[in-house]
Amino acid sequence: MKNLANLNNLELQKFFSSFDYVLSDVDGVLWNFLDTIPGTQETIKSLKKIGKKVIIVSNNTSKSINFYHHELTRAGFDVDKDEIVTPTLAIISYLKKQDLKDKEVFVLGMTPLKGSLEKAGFKLAQNEPDRIEESHSAFGAHTIPDDEKVGAVVADVDINLNYVNLQKAATYLERPEVLFVKGAADCHLPVGWNKSLIGPGYFTNILEDKTNRKGVPMAKPSPFLHEYIVEKYQIGDPSRVLFVGDSIPSDMGFAAESKYQKLLVFSGATGKNVLKEWDFPHEYKPDYYADSLKSLNDCILRTFACKL
Amino acid sequence: MKDLSTLTVPELEDFFSSFDHVLTDIDGVVWNLLHGIPGANHALKSLENLNKQIIFISNNTTRSADALETRLKAEGFDLQTINHVSPAPAMIDYLQKQNFTKTNKRIFVIGMTPLRQALIEAGFKLAENGPDRVKESVAEYASLCIAEDDSVGAVIADIDINLNSVNMQKALTFLLRKDVLFLSGAPDMKYPLDKERFLIGPGAFVTILELTSGRKPISMAKPNTNLHDFVAEKYKIGDPSRVLFVGDTVLEDMAFAANCGYKKLLVFSGLSNRSCVEEWTFPEEYKPDFYAESLKSVHEAVLRVFGQKDSSK
């Protein structure tokens, strides 16, 4: 593990010629909740100037790509719409490859995901109501009947998730031919420093326990997300990708499985103390670490000063 | 484990003199959701005639005491006294013992109307629940759900078919304060429909609250013995071995009876099949002392021992 700030000029030159793509996480790398991390906008600009392809990869499915793009642009990040990847795109790409035909998709998820699925041509099955009559028969009526028209269940984050819809999803999944795809599946939903909510992972765990099935994961660190990225951007050699992230299990884990180079930044979920005693799988160790993405820009300026 | 229908008359005489109270589960023993169980009414009446105290016990808080009485009358149960225990009165009793009303705090309830009404009638104040639907903004959702509220002094997590993410999150926010009491009702991971099928049970959500808060609730439902403490005090049961517990499930009913030291009768009119006693795969201590097809067998046993003296018919 090398401190980016300590690389000498020769090492930096080798470093920059070792990758063509930079895949960057958002939360904890470009911004934290409402505040952008200083110097990161310049880093994105510089990376593009030196000819690197920049791709933003986030597990956040609660925003549409359009909205995400709008937010990023407004915050000063030079990113095109087709340079943003979230599990939503991977879910759509995966479903398109399955033979769903006219079958409907039952979604536990929010409007941005549902809207994207519809735009991609999928028909969505109707969800159950937010509130039902307080009776055993009403509960049964809303949860027990199957529907052969449903061919897939997508379980993603939904702040309006309720018991009835969760059970309805389980009912559909009892039929083995119904596809089971997972979007955001973390057990924690960070919403502020030291504040996190019950994440979608707890609810998808209930689904998996009830049905004895595992959903196909589409969020970091899933290899399905990696497959989607390399296919979309025609990445031949994953070692030519530098992945920048702040979370070890999600980002470094993802990068390790995908065989990318890894840059861990300490501007988000992880503190420098992890370097003293590495408590995670050996393969998750980053190749490089830095205080934040700004350090990468400092290195670019040192290496390419005259060319920028 | 003895088949009740194969006991001799002397054995049955011993059986009937070995208990003073009958603690009986309701669903699957007294009746099934959609249809009655023949002979159950005669069985309970004949036991009452033998001076046994009949106490109905259920984890189902969605059925109020009134609703129970109504259905009992409609199905020909002609008992002099109707004693009913569920997590609801047990929770109320617990809170009263904690002098909860003196604290002037409110209770945040994940639960249904009969439970809420019972709490209100007992003089407790309930905190507002979150809405059925919130605007799709994670930031606003977070503000709503993590807002502190010092007026909340207890959280009850019981079955709620309208349970949603918002209310789970609010419950967790309150539970992060150690001084907030945490009570739970039915712990079932499965909501049984019949012998084979089941739905996701309310326990799955209580488990999420346990995992995220790091706290274990005070369970006021079978198989936890807190419910026994309530029953024993209310009905002045000094010796649990003088209680015959009748239930239809092993992991909830027989386990509860074992934990409490009751005598156990397992019936096959509900969720369990005779096959479970033919090849016992559960913990040894959950083995019932007796088993039978249904409560009807109990009535037949009464007739065999006490003849037509039985005036239940």
# chains A, B, ... in the order shown; residues from 1 in each chain; ligands from 1
call {"tool": "interface_residues", "arguments": {"of": "chain B", "to": "chain A", "cutoff": "7 Å", "atoms": "only C-alpha atoms", "output": "list in words"}}
result
Asp132, Arg133, Val134, Ala142, Ile161, Asn162, Leu163, Asn164, Ser165, Val166, Gln169, Leu199, Ile200, Ala204 and Ile208 of chain B
call {"tool": "residues_around", "arguments": {"residues": "segment 30-44 of chain B", "least_positions_apart": "5", "cutoff": "6 Å", "atoms": "only C-alpha atoms", "output": "list in words"}}
result
Phe77, Leu295, Lys296, Val298, His299 and Ser312 of chain B
call {"tool": "write_last_selection", "arguments": {"atoms": "N, CA and C atoms", "output": "compact mmCIF listing (two decimals), in the first residue's frame"}}
result
# COMPACT_ATOMS: atom_id res chain seq x y z
N PHE B 77 -69.75 -22.31 22.67
CA PHE B 77 -68.94 -22.48 23.88
C PHE B 77 -69.70 -21.82 25.01
N LEU B 295 -59.22 -31.49 20.74
CA LEU B 295 -59.87 -31.38 22.06
C LEU B 295 -61.02 -32.38 22.19
N LYS B 296 -61.58 -32.78 21.08
CA LYS B 296 -62.68 -33.76 21.11
C LYS B 296 -62.26 -35.00 21.89
N VAL B 298 -60.36 -35.13 24.35
CA VAL B 298 -60.42 -34.84 25.78
C VAL B 298 -61.84 -35.06 26.28
N HIS B 299 -62.80 -34.59 25.48
CA HIS B 299 -64.19 -34.81 25.87
C HIS B 299 -64.52 -36.29 25.93
N SER B 312 -72.30 -31.59 29.99
CA SER B 312 -71.96 -30.53 29.03
C SER B 312 -72.85 -30.60 27.80
call {"tool": "select_by_dssp", "arguments": {"residues": "segment 75-233 of chain A", "states": "strand (DSSP E)", "output": "short mmCIF file (atom, residue, chain, number, x, y, z; two decimals) with N, CA and C atoms, in the first residue's frame"}}
result
data_model
loop_
_atom_site.label_atom_id
_atom_site.label_comp_id
_atom_site.auth_asym_id
_atom_site.auth_seq_id
_atom_site.Cartn_x
_atom_site.Cartn_y
_atom_site.Cartn_z
N ILE A 84 -21.95 8.04 -15.98
CA ILE A 84 -22.46 7.73 -14.64
C ILE A 84 -23.08 6.35 -14.65
N VAL A 85 -22.68 5.52 -13.69
CA VAL A 85 -23.23 4.16 -13.59
C VAL A 85 -23.80 3.94 -12.19
N GLU A 104 -44.21 -9.24 -16.44
CA GLU A 104 -44.12 -8.01 -15.67
C GLU A 104 -43.05 -8.11 -14.59
N VAL A 105 -42.59 -6.91 -14.20
CA VAL A 105 -41.57 -6.84 -13.15
C VAL A 105 -42.20 -6.25 -11.89
N PHE A 106 -42.10 -6.98 -10.78
CA PHE A 106 -42.62 -6.47 -9.50
C PHE A 106 -41.46 -5.79 -8.80
N VAL A 107 -41.61 -4.50 -8.54
CA VAL A 107 -40.49 -3.73 -8.00
C VAL A 107 -40.73 -3.27 -6.57
N LEU A 108 -39.78 -3.59 -5.71
CA LEU A 108 -39.73 -2.96 -4.39
C LEU A 108 -38.68 -1.89 -4.58
N LYS A 123 -42.66 -3.75 -18.37
CA LYS A 123 -43.97 -3.50 -17.80
C LYS A 123 -43.90 -3.82 -16.31
N LEU A 124 -44.36 -2.88 -15.48
CA LEU A 124 -44.28 -3.11 -14.05
C LEU A 124 -45.58 -3.68 -13.50
N VAL A 150 -46.30 -12.13 -13.68
CA VAL A 150 -45.08 -11.58 -13.09
C VAL A 150 -43.92 -12.52 -13.37
N GLY A 151 -42.86 -11.96 -13.97
CA GLY A 151 -41.71 -12.78 -14.34
C GLY A 151 -40.43 -12.39 -13.63
N ALA A 152 -40.47 -11.29 -12.87
CA ALA A 152 -39.26 -10.88 -12.16
C ALA A 152 -39.61 -10.04 -10.95
N VAL A 153 -38.76 -10.12 -9.94
CA VAL A 153 -38.87 -9.26 -8.76
C VAL A 153 -37.55 -8.51 -8.64
N VAL A 154 -37.63 -7.18 -8.52
CA VAL A 154 -36.43 -6.37 -8.28
C VAL A 154 -36.56 -5.77 -6.88
N ALA A 155 -35.60 -6.09 -6.02
CA ALA A 155 -35.64 -5.59 -4.64
C ALA A 155 -34.56 -4.54 -4.47
N LEU A 179 -37.51 -14.29 -11.88
CA LEU A 179 -36.15 -13.79 -11.64
C LEU A 179 -36.12 -12.98 -10.35
N PHE A 180 -34.97 -12.99 -9.68
CA PHE A 180 -34.81 -12.27 -8.41
C PHE A 180 -33.54 -11.44 -8.52
N VAL A 181 -33.72 -10.13 -8.62
CA VAL A 181 -32.59 -9.22 -8.81
C VAL A 181 -32.56 -8.21 -7.66
N LYS A 182 -31.35 -7.95 -7.16
CA LYS A 182 -31.23 -7.00 -6.05
C LYS A 182 -30.50 -5.75 -6.50
N HIS A 188 -26.95 -0.68 5.92
CA HIS A 188 -27.00 0.67 6.48
C HIS A 188 -27.13 1.69 5.39
N LEU A 189 -27.92 2.72 5.66
CA LEU A 189 -28.12 3.79 4.70
C LEU A 189 -27.56 5.04 5.38
N PRO A 190 -26.31 5.41 5.08
CA PRO A 190 -25.75 6.56 5.80
C PRO A 190 -26.43 7.85 5.38
N VAL A 191 -26.80 8.65 6.35
CA VAL A 191 -27.48 9.90 6.02
C VAL A 191 -26.82 11.10 6.70
N GLY A 192 -25.72 10.88 7.32
CA GLY A 192 -25.04 11.99 7.97
C GLY A 192 -23.88 11.41 8.76
N LYS A 195 -24.70 8.93 11.40
CA LYS A 195 -26.14 8.67 11.39
C LYS A 195 -26.43 7.74 10.23
N SER A 196 -27.03 6.61 10.56
CA SER A 196 -27.45 5.78 9.44
C SER A 196 -28.82 5.19 9.72
N LEU A 197 -29.51 4.89 8.65
CA LEU A 197 -30.85 4.33 8.77
C LEU A 197 -30.79 2.83 8.52
N ILE A 198 -31.87 2.15 8.83
CA ILE A 198 -32.00 0.73 8.51
C ILE A 198 -31.95 0.63 7.00
N VAL A 216 -29.92 -11.90 -7.47
CA VAL A 216 -28.72 -11.59 -8.25
C VAL A 216 -28.33 -10.15 -7.90
N PRO A 217 -27.14 -9.94 -7.34
CA PRO A 217 -26.81 -8.59 -6.86
C PRO A 217 -26.32 -7.70 -7.99
#
call {"tool": "residues_around", "arguments": {"residues": "Phe268 of chain B", "least_positions_apart": "5", "cutoff": "10 Å", "atoms": "only C-alpha atoms", "output": "NGL selection string"}}
result
:B and (28-29 or 195 or 247-249 or 273-276 or 291-295)
call {"tool": "write_last_selection", "arguments": {"atoms": "N, CA and C atoms", "output": "JSON list (two decimals), in the first residue's frame"}}
result
[["chain", "number", "residue", "atom", "x", "y", "z"],
["B", 28, "GLY", "N", -56.14, -23.29, 16.18],
["B", 28, "GLY", "CA", -55.63, -24.64, 15.96],
["B", 28, "GLY", "C", -56.01, -25.60, 17.08],
["B", 29, "VAL", "N", -56.60, -25.07, 18.16],
["B", 29, "VAL", "CA", -56.99, -25.93, 19.29],
["B", 29, "VAL", "C", -58.48, -25.78, 19.58],
["B", 195, "LYS", "N", -50.98, -26.15, 7.66],
["B", 195, "LYS", "CA", -49.87, -27.03, 8.05],
["B", 195, "LYS", "C", -48.65, -26.87, 7.15],
["B", 247, "GLY", "N", -51.83, -27.14, 23.25],
["B", 247, "GLY", "CA", -51.40, -26.32, 22.11],
["B", 247, "GLY", "C", -51.25, -27.15, 20.86],
["B", 248, "ASP", "N", -51.06, -26.46, 19.74],
["B", 248, "ASP", "CA", -50.95, -27.16, 18.45],
["B", 248, "ASP", "C", -49.57, -27.02, 17.81],
["B", 249, "THR", "N", -48.65, -26.26, 18.43],
["B", 249, "THR", "CA", -47.32, -26.15, 17.84],
["B", 249, "THR", "C", -46.27, -26.59, 18.86],
["B", 273, "ASN", "N", -48.73, -32.15, 12.85],
["B", 273, "ASN", "CA", -49.23, -33.44, 12.39],
["B", 273, "ASN", "C", -48.79, -34.54, 13.33],
["B", 274, "ARG", "N", -49.54, -35.62, 13.35],
["B", 274, "ARG", "CA", -49.19, -36.79, 14.16],
["B", 274, "ARG", "C", -47.77, -37.25, 13.86],
["B", 275, "SER", "N", -47.32, -37.03, 12.64],
["B", 275, "SER", "CA", -45.98, -37.49, 12.25],
["B", 275, "SER", "C", -44.88, -36.91, 13.15],
["B", 276, "CYS", "N", -45.11, -35.76, 13.74],
["B", 276, "CYS", "CA", -44.03, -35.17, 14.56],
["B", 276, "CYS", "C", -43.79, -35.97, 15.83],
["B", 291, "TYR", "N", -50.67, -36.56, 23.75],
["B", 291, "TYR", "CA", -51.08, -35.98, 22.47],
["B", 291, "TYR", "C", -52.42, -36.58, 22.07],
["B", 292, "ALA", "N", -53.13, -35.84, 21.19],
["B", 292, "ALA", "CA", -54.46, -36.27, 20.77],
["B", 292, "ALA", "C", -54.82, -35.61, 19.45],
["B", 293, "GLU", "N", -55.81, -36.19, 18.76],
["B", 293, "GLU", "CA", -56.24, -35.63, 17.49],
["B", 293, "GLU", "C", -56.72, -34.19, 17.67],
["B", 294, "SER", "N", -57.52, -33.97, 18.70],
["B", 294, "SER", "CA", -58.06, -32.63, 18.96],
["B", 294, "SER", "C", -58.66, -32.64, 20.35],
["B", 295, "LEU", "N", -59.22, -31.49, 20.74],
["B", 295, "LEU", "CA", -59.87, -31.38, 22.06],
["B", 295, "LEU", "C", -61.02, -32.38, 22.19]]
